[in-house]
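Enquirer: Pasting structure.cif here (mmCIF, C-alpha atoms):
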```
data_my_file
loop_
_atom_site.label_atom_id
_atom_site.label_comp_id
_atom_site.auth_asym_id
_atom_site.auth_seq_id
_atom_site.Cartn_x
_atom_site.Cartn_y
_atom_site.Cartn_z
CA MET A 1 114.37 110.11 110.55
CA ALA A 2 111.50 109.51 108.12
CA LYS A 3 109.51 106.56 109.34
CA LEU A 4 105.85 105.57 109.21
CA ARG A 5 104.08 105.96 112.50
CA VAL A 6 101.43 103.55 113.65
CA GLU A 7 99.21 106.53 114.58
CA ASP A 8 99.18 107.68 110.95
CA LEU A 9 97.96 104.28 109.85
CA LYS A 10 95.39 104.23 112.64
CA ARG A 11 94.03 107.54 111.38
CA ILE A 12 93.47 106.02 107.93
CA LYS A 13 91.83 103.02 109.54
CA ASP A 14 89.39 105.23 111.46
CA SER A 15 88.49 107.22 108.37
CA MET A 16 87.67 103.99 106.57
CA ALA A 17 85.23 102.61 109.05
CA GLY A 18 82.16 101.45 107.17
CA ILE A 19 83.56 101.88 103.68
CA VAL A 20 83.48 98.76 101.56
CA ASN A 21 86.84 98.27 99.97
CA LEU A 22 87.27 96.15 96.91
CA ARG A 23 90.96 96.67 96.32
CA GLY A 24 91.92 93.26 97.59
CA GLY A 25 89.50 91.07 95.69
CA GLU A 26 86.73 91.88 93.22
CA TYR A 27 87.39 94.44 90.54
CA ARG A 28 85.80 95.92 87.44
CA VAL A 29 88.95 97.04 85.64
CA LYS A 30 92.53 95.86 85.82
CA ILE A 31 95.32 98.10 84.52
CA THR A 32 98.75 96.57 84.02
CA VAL A 33 101.80 98.78 83.51
CA HIS A 34 104.61 96.96 81.73
CA MET A 35 107.68 97.42 83.88
CA GLY A 36 110.49 95.46 82.35
CA THR A 37 113.86 97.14 81.84
CA CYS A 38 112.60 98.44 78.49
CA GLY A 39 109.39 99.85 79.95
CA ILE A 40 111.16 101.53 82.87
CA ALA A 41 113.80 103.07 80.58
CA ALA A 42 111.07 104.35 78.24
CA GLY A 43 109.06 106.04 81.01
CA ALA A 44 106.74 103.52 82.67
CA ARG A 45 107.17 105.00 86.15
CA PRO A 46 105.64 108.43 85.39
CA ILE A 47 102.72 106.59 83.79
CA MET A 48 102.24 104.47 86.91
CA ASN A 49 102.32 107.68 88.97
CA ARG A 50 99.74 109.40 86.77
CA ILE A 51 97.34 106.43 86.79
CA LEU A 52 97.61 106.26 90.57
CA GLU A 53 96.74 109.94 90.80
CA ARG A 54 93.74 109.43 88.54
CA ILE A 55 92.49 106.44 90.53
CA GLU A 56 92.79 108.47 93.71
CA GLU A 57 90.96 111.48 92.23
CA SER A 58 88.17 109.25 90.93
CA GLY A 59 87.65 107.66 94.33
CA ALA A 60 86.99 104.37 92.56
CA THR A 61 87.65 101.21 94.56
CA ASP A 62 86.95 98.74 91.78
CA ILE A 63 90.09 99.37 89.73
CA ILE A 64 93.24 97.40 90.33
CA LEU A 65 96.63 98.51 89.14
CA SER A 66 99.41 96.02 88.62
CA SER A 67 102.76 95.68 86.89
CA SER A 68 104.28 93.08 84.64
CA GLY A 69 107.58 92.41 82.92
CA CYS A 70 108.81 92.76 79.38
CA ALA A 71 106.17 91.67 76.86
CA GLY A 72 108.66 91.38 74.01
CA LEU A 73 107.51 94.57 72.29
CA CYS A 74 110.25 96.78 73.70
CA ASN A 75 110.12 99.28 70.84
CA HIS A 76 106.48 100.00 71.70
CA GLU A 77 107.15 100.88 75.36
CA PRO A 78 105.84 102.40 77.53
CA MET A 79 102.80 100.14 77.37
CA ILE A 80 99.80 99.40 79.53
CA THR A 81 97.07 96.78 79.25
CA VAL A 82 93.52 97.64 80.22
CA GLU A 83 91.13 94.80 81.00
CA VAL A 84 87.53 95.67 81.65
CA LYS A 85 85.68 92.65 83.02
CA GLU A 86 83.81 90.77 80.31
CA SER A 87 85.60 92.71 77.54
CA ALA A 88 88.72 91.95 75.52
CA PRO A 89 91.96 93.34 76.99
CA VAL A 90 93.51 96.26 75.10
CA LYS A 91 97.26 96.91 74.92
CA TYR A 92 98.17 100.57 74.60
CA VAL A 93 101.60 101.49 73.26
CA LYS A 94 104.09 104.37 73.11
CA LEU A 95 102.36 106.18 75.94
CA ASP A 96 103.08 109.26 77.98
CA PRO A 97 101.25 110.42 81.12
CA GLU A 98 98.80 112.55 79.10
CA LYS A 99 97.80 109.67 76.85
CA ALA A 100 97.48 107.40 79.90
CA SER A 101 95.24 109.98 81.51
CA ARG A 102 92.96 110.04 78.48
CA ILE A 103 92.80 106.23 78.41
CA PHE A 104 91.80 106.39 82.07
CA ASP A 105 88.95 108.84 81.33
CA GLU A 106 87.66 107.05 78.26
CA HIS A 107 88.39 103.36 78.63
CA VAL A 108 88.71 102.77 82.36
CA MET A 109 85.90 105.06 83.50
CA LYS A 110 83.49 104.87 80.52
CA ASN A 111 84.48 101.59 78.86
CA ASN A 112 85.23 103.29 75.53
CA PRO A 113 88.63 102.04 74.33
CA VAL A 114 90.91 104.61 72.65
CA PRO A 115 91.82 103.00 69.30
CA GLU A 116 94.48 105.54 68.28
CA TYR A 117 96.77 104.55 71.16
CA ALA A 118 96.09 100.81 70.93
CA LEU A 119 98.60 98.32 69.56
CA SER A 120 96.02 96.98 67.16
CA VAL A 121 92.29 96.74 66.96
CA GLY A 122 90.62 93.50 65.99
CA SER A 123 92.37 91.11 63.61
CA GLU A 124 92.95 91.06 59.86
CA THR A 125 90.08 91.98 57.59
CA THR A 126 89.53 90.75 54.06
CA TYR A 127 88.07 93.93 52.63
CA MET B 1 118.16 105.07 82.76
CA GLU B 2 118.45 108.61 84.03
CA ASP B 3 118.80 108.00 87.72
CA LEU B 4 119.61 105.29 90.25
CA SER B 5 116.04 104.98 91.51
CA LEU B 6 115.03 103.68 88.05
CA HIS B 7 117.86 101.13 88.14
CA ILE B 8 116.68 100.04 91.59
CA LEU B 9 113.10 99.69 90.37
CA ASP B 10 114.35 97.54 87.51
CA ILE B 11 116.57 95.26 89.61
CA VAL B 12 113.87 94.78 92.25
CA GLU B 13 111.38 93.85 89.53
CA ASN B 14 113.85 91.03 88.74
CA SER B 15 113.61 89.91 92.36
CA THR B 16 109.82 89.81 92.26
CA ARG B 17 109.88 87.80 89.04
CA ALA B 18 112.29 85.38 90.69
CA GLY B 19 109.49 84.64 93.15
CA ALA B 20 110.81 86.69 96.07
CA THR B 21 108.40 87.34 98.92
CA LEU B 22 110.73 89.76 100.68
CA VAL B 23 113.12 92.26 99.14
CA GLU B 24 115.45 94.47 101.15
CA ILE B 25 116.78 97.66 99.63
CA LYS B 26 119.53 99.59 101.34
CA ILE B 27 121.09 102.85 100.16
CA THR B 28 124.00 104.35 102.05
CA GLU B 29 125.81 107.53 101.18
CA ASP B 30 128.90 108.56 103.09
CA THR B 31 130.41 111.79 101.84
CA GLU B 32 133.45 111.46 104.05
CA LYS B 33 134.36 108.17 102.42
CA ASP B 34 133.02 109.47 99.08
CA LEU B 35 131.00 106.28 98.77
CA LEU B 36 127.47 105.51 97.69
CA GLN B 37 126.31 101.93 98.07
CA ILE B 38 123.13 100.22 96.97
CA VAL B 39 122.32 96.72 98.20
CA ILE B 40 119.31 94.75 97.00
CA LYS B 41 118.72 91.42 98.69
CA ASP B 42 115.90 89.05 97.94
CA ASN B 43 114.69 85.60 98.97
CA GLY B 44 113.77 84.59 95.42
CA SER B 45 114.77 81.52 93.47
CA GLY B 46 118.46 82.50 93.28
CA MET B 47 120.92 81.51 90.58
CA ASP B 48 123.62 78.88 90.26
CA ARG B 49 127.27 79.83 89.93
CA GLU B 50 127.25 79.60 86.17
CA MET B 51 124.26 81.88 85.82
CA VAL B 52 125.79 84.44 88.18
CA LYS B 53 128.83 84.55 85.87
CA LYS B 54 126.71 84.99 82.77
CA VAL B 55 124.14 87.36 84.14
CA ARG B 56 126.21 90.52 83.61
CA ASP B 57 126.65 89.80 79.95
CA PRO B 58 123.87 91.73 78.20
CA PHE B 59 123.94 89.29 75.29
CA THR B 60 123.25 86.24 77.40
CA THR B 61 119.51 86.34 77.29
CA THR B 62 118.02 82.97 78.05
CA ARG B 63 114.53 84.20 78.72
CA THR B 64 113.71 80.97 80.49
CA THR B 65 115.00 82.16 83.85
CA ARG B 66 113.98 85.80 83.41
CA ARG B 67 116.92 86.93 85.52
CA VAL B 68 119.02 87.95 82.59
CA GLY B 69 119.06 90.77 80.15
CA LEU B 70 120.06 94.38 80.21
CA GLY B 71 119.10 95.47 83.70
CA LEU B 72 122.11 94.27 85.67
CA SER B 73 124.54 95.15 82.87
CA MET B 74 123.28 98.72 82.86
CA LEU B 75 123.57 99.06 86.63
CA GLU B 76 127.08 97.61 86.44
CA GLN B 77 127.98 100.15 83.79
CA ALA B 78 126.53 103.01 85.85
CA ALA B 79 128.65 101.90 88.83
CA GLN B 80 131.84 101.36 86.85
CA GLU B 81 131.56 104.75 85.16
CA THR B 82 132.15 106.27 88.59
CA GLY B 83 135.03 103.96 89.48
CA GLY B 84 132.70 101.74 91.47
CA ASP B 85 131.61 98.18 90.83
CA LEU B 86 128.82 95.63 91.00
CA SER B 87 128.88 92.33 92.81
CA ILE B 88 126.32 89.55 92.80
CA THR B 89 126.07 86.72 95.27
CA SER B 90 123.38 84.14 94.85
CA GLU B 91 122.39 80.69 95.94
CA PRO B 92 119.74 78.58 94.24
CA GLY B 93 116.68 78.35 96.46
CA ARG B 94 117.95 81.00 98.88
CA GLY B 95 118.01 84.27 96.99
CA THR B 96 120.25 86.87 95.47
CA GLU B 97 122.13 89.90 96.70
CA VAL B 98 123.21 92.63 94.32
CA LYS B 99 125.59 95.27 95.59
CA ALA B 100 126.55 98.35 93.58
CA THR B 101 129.13 100.86 94.74
CA PHE B 102 129.74 104.32 93.35
CA GLN B 103 132.23 107.09 93.95
CA ALA B 104 129.65 109.50 95.33
CA SER B 105 131.24 112.71 94.04
CA HIS B 106 132.13 111.41 90.59
CA ILE B 107 130.87 113.64 87.79
CA ASP B 108 129.28 110.64 86.04
CA ARG B 109 127.50 109.41 89.13
CA LYS B 110 123.78 109.48 88.41
CA PRO B 111 121.55 111.17 90.98
CA ILE B 112 119.52 108.90 93.26
CA GLY B 113 116.30 110.31 91.83
CA ASP B 114 112.76 109.72 92.95
CA MET B 115 112.96 106.69 95.26
CA GLY B 116 109.42 107.40 96.50
CA SER B 117 107.97 106.75 93.05
CA SER B 118 110.06 103.61 92.63
CA MET B 119 108.88 102.20 95.96
CA ILE B 120 105.26 103.07 95.20
CA SER B 121 105.51 101.40 91.77
CA LEU B 122 106.94 98.28 93.38
CA ILE B 123 104.34 98.15 96.14
CA VAL B 124 101.41 98.75 93.77
CA GLY B 125 102.69 96.30 91.17
CA ASN B 126 103.52 93.57 93.66
CA PRO B 127 101.06 93.80 96.55
CA ASN B 128 101.95 90.31 97.76
CA VAL B 129 105.67 90.99 98.04
CA ASP B 130 107.09 92.67 101.13
CA PHE B 131 109.69 95.39 100.90
CA ILE B 132 112.09 96.72 103.46
CA TYR B 133 113.67 100.01 102.52
CA GLU B 134 116.42 101.74 104.44
CA SER B 135 118.42 104.71 103.35
CA ASP B 136 121.08 106.63 105.19
CA LEU B 137 122.20 109.60 103.15
CA ASP B 138 124.87 111.23 105.25
CA GLY B 139 122.84 110.68 108.38
CA GLU B 140 119.44 111.51 106.84
CA LYS B 141 117.60 108.26 107.42
CA THR B 142 114.43 106.85 105.90
CA THR B 143 112.94 103.46 106.66
CA LEU B 144 109.93 101.60 105.40
CA ASP B 145 108.71 98.07 106.11
CA THR B 146 105.59 97.00 104.26
CA ARG B 147 105.06 94.08 106.67
CA MET B 148 104.32 96.53 109.47
CA ILE B 149 101.85 98.47 107.28
CA LYS B 150 100.05 95.32 106.16
CA GLU B 151 99.80 94.04 109.71
CA GLU B 152 98.38 97.34 110.90
CA MET B 153 95.84 97.67 108.06
CA GLU B 154 94.76 94.01 108.14
CA GLY B 155 91.02 93.68 107.66
CA VAL B 156 90.55 97.39 106.98
CA THR B 157 92.20 98.08 103.69
CA THR B 158 95.10 96.96 101.54
CA ILE B 159 98.53 98.49 101.15
CA ASN B 160 97.67 99.84 97.69
CA ASP B 161 94.95 102.07 99.10
CA PRO B 162 95.58 105.66 97.90
CA ALA B 163 95.55 106.98 101.49
CA VAL B 164 98.25 104.51 102.52
CA LEU B 165 100.30 105.20 99.40
CA LYS B 166 100.14 108.91 100.09
CA LEU B 167 101.56 108.30 103.54
CA ILE B 168 104.36 106.21 102.07
CA ARG B 169 105.16 108.86 99.47
CA GLY B 170 105.32 111.45 102.23
CA LEU B 171 108.25 109.59 103.79
CA PHE B 172 110.37 110.33 100.76
CA LYS B 173 109.55 114.03 100.55
CA LYS B 174 112.39 116.21 101.68
CA ALA B 175 111.70 119.18 103.92
CA GLY B 176 110.80 122.08 101.66
CA ASP B 177 109.44 119.90 98.84
#
```
The structure given in the file should be rewritten as structure tokens.
Expert:
Amino acid sequence: MAKLRVEDLKRIKDSMAGIVNLRGGEYRVKITVHMGTCGIAAGARPIMNRILERIEESGATDIILSSSGCAGLCNHEPMITVEVKESAPVKYVKLDPEKASRIFDEHVMKNNPVPEYALSVGSETTY
Amino acid sequence: MEDLSLHILDIVENSTRAGATLVEIKITEDTEKDLLQIVIKDNGSGMDREMVKKVRDPFTTTRTTRRVGLGLSMLEQAAQETGGDLSITSEPGRGTEVKATFQASHIDRKPIGDMGSSMISLIVGNPNVDFIYESDLDGEKTTLDTRMIKEEMEGVTTINDPAVLKLIRGLFKKAGD
């Protein structure tokens, strides 16, 4: 029978003594994976898995990962939205785990958005 | 959708968008009876009788309730392709129960797939919703109750902490993985 044991959780608790954890409240970056039927069918789950792995590797505690429903752009799935505090949110489209990983390195960790994977950059120009 | 764990992820996302605070997921496989059953029960906003009737029709998309669209139709199709079926019972204000049955050995029956990843996606994406997961695959049992984890970790860390998620994922690993 596979079941979580209280001792396992206690071990995590002990290892965390003294570490300030921000996962519940304050954050620097919020990543939203679009998980409507369209997103899931197009491959949102492997992207969620990859981003989780990257967050864990980075050891960062100021990134929150969330999910949302269909955004009405089903043909662009899988999509994620990256919001760095005080910056405009960026929607990334037609992703795979490798692209998501690069967005994590560039945008999430260094605050350099990756324009080639973004839905659009800026608004119309007149020139 | 390639496997049943993706269908489950999809249907449970419906529950969370219907305002559920607790979702129970039960998977039972009984080879002797050649039956696989998936039950998803939530305490969300529920649907009235008319909506329950319409909700399986993929072309009835009244995006105002958000409980309609392709998800349930696709699960129904996956079940019916194996000679199984889908039933929905719901009550406004009380919640919804979706039950899908499959002939377990049918050639068109999709594999269960990676339930660990589906549960992790749900927990990470909906940290304020509680999930109870129980599977009994021919006697091989797995259970998970996020309420117990949250209670235990209260004041120390949150359920979406990588260390906690790793522990949860470990539950779904089969021996030899």
Enquirer: Please write as a ChimeraX atom specification the full residue list that the PyMOL selection byres ((chain A) within 8 of (chain B)) yields on this file.
Expert: /A:1-4,6,8-10,12-13,16-17,21,23-24,35-37,40-41,45,48-49,52,56,65-69
Enquirer: Hey, can you check how far CA of Tyr133 in chain B sits from CA of Ile31 in chain A?
Expert: 25.8 Å
Enquirer: Could you tell me how far CA of Phe131 in chain B sits from CA of Gly95 in chain B, in Å to one decimal place?
Expert: 14.4 Å
Enquirer: Interatomic distance between CA of Ile51 in chain A and CA of Ile38 in chain B?
Expert: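 Pair CA of Ile51 in chain A / CA of Ile38 in chain B returns 28.4 Å.
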Enquirer: Taking the point (84.3, 105.0, 81.4) as given in the file, collect each protein or nucleic acid residue that comes within 12 Å of it, counting only C-alpha atoms, and present the set as a ChimeraX atom specification.
Expert: /A:28-29,58,60,63,82,84,102-114
Enquirer: Quick one: residues within 7 Å of range 23-25 of chain B, only C-alpha atoms counted, chain neighbours fewer than 4 positions away excluded, as a PyMOL selection string?
Expert: chain B and resi 39-43+130-134
Enquirer: From the set B:Asn128, B:Gln37, B:Thr101, B:Thr89, which residue has the shortest atom-to-atom contact distance to Leu22 in chain B, counting all atoms listed in the file?
Expert: B:Asn128
Enquirer: Could you tell me which residues the PyMOL selection byres ((chain A and resi 117) around 12) returns for this structure, as a PDB file with C-alpha atoms, in the coordinates of the input?
Expert:
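Written out: result.pdb:
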```
ATOM      1  CA  HIS A  76     106.480 100.000  71.700  1.00  0.00           C
ATOM      2  CA  GLU A  77     107.150 100.880  75.360  1.00  0.00           C
ATOM      3  CA  PRO A  78     105.840 102.400  77.530  1.00  0.00           C
ATOM      4  CA  MET A  79     102.800 100.140  77.370  1.00  0.00           C
ATOM      5  CA  ILE A  80      99.800  99.400  79.530  1.00  0.00           C
ATOM      6  CA  THR A  81      97.070  96.780  79.250  1.00  0.00           C
ATOM      7  CA  VAL A  82      93.520  97.640  80.220  1.00  0.00           C
ATOM      8  CA  VAL A  90      93.510  96.260  75.100  1.00  0.00           C
ATOM      9  CA  LYS A  91      97.260  96.910  74.920  1.00  0.00           C
ATOM     10  CA  TYR A  92      98.170 100.570  74.600  1.00  0.00           C
ATOM     11  CA  VAL A  93     101.600 101.490  73.260  1.00  0.00           C
ATOM     12  CA  LYS A  94     104.090 104.370  73.110  1.00  0.00           C
ATOM     13  CA  LEU A  95     102.360 106.180  75.940  1.00  0.00           C
ATOM     14  CA  ASP A  96     103.080 109.260  77.980  1.00  0.00           C
ATOM     15  CA  GLU A  98      98.800 112.550  79.100  1.00  0.00           C
ATOM     16  CA  LYS A  99      97.800 109.670  76.850  1.00  0.00           C
ATOM     17  CA  ALA A 100      97.480 107.400  79.900  1.00  0.00           C
ATOM     18  CA  SER A 101      95.240 109.980  81.510  1.00  0.00           C
ATOM     19  CA  ARG A 102      92.960 110.040  78.480  1.00  0.00           C
ATOM     20  CA  ILE A 103      92.800 106.230  78.410  1.00  0.00           C
ATOM     21  CA  GLU A 106      87.660 107.050  78.260  1.00  0.00           C
ATOM     22  CA  HIS A 107      88.390 103.360  78.630  1.00  0.00           C
ATOM     23  CA  PRO A 113      88.630 102.040  74.330  1.00  0.00           C
ATOM     24  CA  VAL A 114      90.910 104.610  72.650  1.00  0.00           C
ATOM     25  CA  PRO A 115      91.820 103.000  69.300  1.00  0.00           C
ATOM     26  CA  GLU A 116      94.480 105.540  68.280  1.00  0.00           C
ATOM     27  CA  ALA A 118      96.090 100.810  70.930  1.00  0.00           C
ATOM     28  CA  LEU A 119      98.600  98.320  69.560  1.00  0.00           C
ATOM     29  CA  SER A 120      96.020  96.980  67.160  1.00  0.00           C
ATOM     30  CA  VAL A 121      92.290  96.740  66.960  1.00  0.00           C
TER      31      VAL A 121
END
```
Enquirer: Taking all atoms of range 24-36 of chain B that appear in the file, build a box with edges along x, y and z, extend it by 3 Å on every side, and state its centre and edge lengths in Å to one decimal, as lines of an AutoDock Vina configuration file.
Expert:
```
center_x = 124.9
center_y = 103.1
center_z = 100.9
size_x = 24.9
size_y = 23.3
size_z = 12.4
```
Enquirer: Would you please work out which residue, of B:Pro58, B:Gly84, B:Gly46, B:Gly116, is nearest to Lys99 in chain B when using all atoms listed in the file?
Expert: B:Gly84
Enquirer: Tell me which of B:Phe102, B:Pro111, B:Glu151, B:Met51 sits closest to Asp30 in chain B, counting only C-alpha atoms.
Expert: B:Phe102
Enquirer: May I have the protein, DNA and RNA residues with any atom at most 10 Å from the point (130.2, 107.9, 85.4), counting all atoms listed in the file, written as a ChimeraX atom specification?
Expert: /B:77-84,102-103,105-110
Enquirer: Applied to the shown file, which residues does the PyMOL selection byres ((chain B and resi 56) around 12) return, written as an MDAnalysis selection string?
Expert: chainID B and resid 50:55 57:61 67:77 85:88 98
Enquirer: Save range 1-98 of chain A to a file: C-alpha atoms, as a tab-separated table (two decimals), in the first residue's frame.
Expert:
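Below is the file that was written, result-v6.tsv:
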```tsv
chain	number	residue	atom	x	y	z
A	1	MET	CA	0.00	0.00	0.00
A	2	ALA	CA	1.50	3.33	-1.07
A	3	LYS	CA	0.62	5.92	1.52
A	4	LEU	CA	2.33	9.02	2.88
A	5	ARG	CA	3.75	8.53	6.33
A	6	VAL	CA	3.71	11.27	8.91
A	7	GLU	CA	7.39	10.53	9.65
A	8	ASP	CA	8.33	11.42	6.07
A	9	LEU	CA	6.63	14.78	6.43
A	10	LYS	CA	8.27	15.31	9.81
A	11	ARG	CA	11.66	14.76	8.20
A	12	ILE	CA	10.95	17.54	5.70
A	13	LYS	CA	9.80	19.76	8.53
A	14	ASP	CA	13.04	19.21	10.45
A	15	SER	CA	15.17	19.94	7.41
A	16	MET	CA	13.35	23.23	6.96
A	17	ALA	CA	13.91	24.62	10.39
A	18	GLY	CA	15.13	28.19	10.04
A	19	ILE	CA	14.56	28.50	6.30
A	20	VAL	CA	12.33	31.37	5.29
A	21	ASN	CA	9.74	30.11	2.88
A	22	LEU	CA	7.92	32.44	0.57
A	23	ARG	CA	5.85	29.92	-1.33
A	24	GLY	CA	2.66	30.80	0.45
A	25	GLY	CA	2.67	34.56	0.15
A	26	GLU	CA	5.16	36.98	-1.38
A	27	TYR	CA	6.67	36.15	-4.74
A	28	ARG	CA	8.88	37.65	-7.41
A	29	VAL	CA	7.64	35.65	-10.40
A	30	LYS	CA	4.36	33.91	-11.09
A	31	ILE	CA	4.18	31.25	-13.81
A	32	THR	CA	0.76	30.11	-14.97
A	33	VAL	CA	0.38	26.96	-17.05
A	34	HIS	CA	-2.82	26.96	-19.07
A	35	MET	CA	-4.57	23.70	-18.28
A	36	GLY	CA	-7.88	23.68	-20.05
A	37	THR	CA	-8.88	20.64	-22.09
A	38	CYS	CA	-7.02	22.14	-25.05
A	39	GLY	CA	-3.84	22.78	-23.07
A	40	ILE	CA	-3.82	19.32	-21.50
A	41	ALA	CA	-4.40	17.62	-24.86
A	42	ALA	CA	-1.59	19.68	-26.42
A	43	GLY	CA	0.96	18.79	-23.74
A	44	ALA	CA	0.61	21.15	-20.76
A	45	ARG	CA	1.38	18.46	-18.18
A	46	PRO	CA	4.97	17.72	-19.32
A	47	ILE	CA	5.57	21.48	-19.28
A	48	MET	CA	4.27	21.74	-15.72
A	49	ASN	CA	6.57	18.84	-14.78
A	50	ARG	CA	9.60	20.47	-16.39
A	51	ILE	CA	9.00	23.86	-14.75
A	52	LEU	CA	8.63	22.16	-11.38
A	53	GLU	CA	11.95	20.39	-11.91
A	54	ARG	CA	13.61	23.68	-12.82
A	55	ILE	CA	12.19	25.47	-9.78
A	56	GLU	CA	13.45	22.66	-7.58
A	57	GLU	CA	16.93	22.70	-9.15
A	58	SER	CA	17.16	26.47	-8.77
A	59	GLY	CA	16.27	26.31	-5.09
A	60	ALA	CA	14.29	29.51	-5.55
A	61	THR	CA	11.47	30.12	-3.09
A	62	ASP	CA	10.14	33.30	-4.66
A	63	ILE	CA	8.54	31.70	-7.73
A	64	ILE	CA	4.96	30.55	-7.69
A	65	LEU	CA	3.55	28.13	-10.19
A	66	SER	CA	-0.15	28.02	-10.88
A	67	SER	CA	-2.62	26.74	-13.46
A	68	SER	CA	-5.53	28.28	-15.26
A	69	GLY	CA	-8.22	27.23	-17.72
A	70	CYS	CA	-8.72	27.73	-21.42
A	71	ALA	CA	-7.73	31.24	-22.51
A	72	GLY	CA	-9.57	30.99	-25.82
A	73	LEU	CA	-6.40	30.56	-27.88
A	74	CYS	CA	-6.60	26.78	-28.13
A	75	ASN	CA	-4.61	26.59	-31.37
A	76	HIS	CA	-1.66	28.20	-29.58
A	77	GLU	CA	-1.51	25.64	-26.76
A	78	PRO	CA	0.46	24.65	-24.78
A	79	MET	CA	0.82	28.12	-23.30
A	80	ILE	CA	2.24	29.63	-20.15
A	81	THR	CA	2.11	33.16	-18.76
A	82	VAL	CA	5.12	34.59	-16.95
A	83	GLU	CA	4.59	37.57	-14.68
A	84	VAL	CA	7.63	39.16	-13.14
A	85	LYS	CA	6.59	41.63	-10.45
A	86	GLU	CA	6.49	45.19	-11.75
A	87	SER	CA	6.77	44.02	-15.38
A	88	ALA	CA	4.16	43.28	-18.02
A	89	PRO	CA	3.01	39.64	-18.16
A	90	VAL	CA	4.17	37.65	-21.19
A	91	LYS	CA	2.15	34.83	-22.77
A	92	TYR	CA	4.27	32.14	-24.38
A	93	VAL	CA	2.69	29.88	-26.98
A	94	LYS	CA	3.17	26.53	-28.74
A	95	LEU	CA	5.62	25.36	-26.13
A	96	ASP	CA	7.40	22.13	-25.38
A	97	PRO	CA	9.44	21.28	-22.27
A	98	GLU	CA	12.70	22.50	-23.88
```
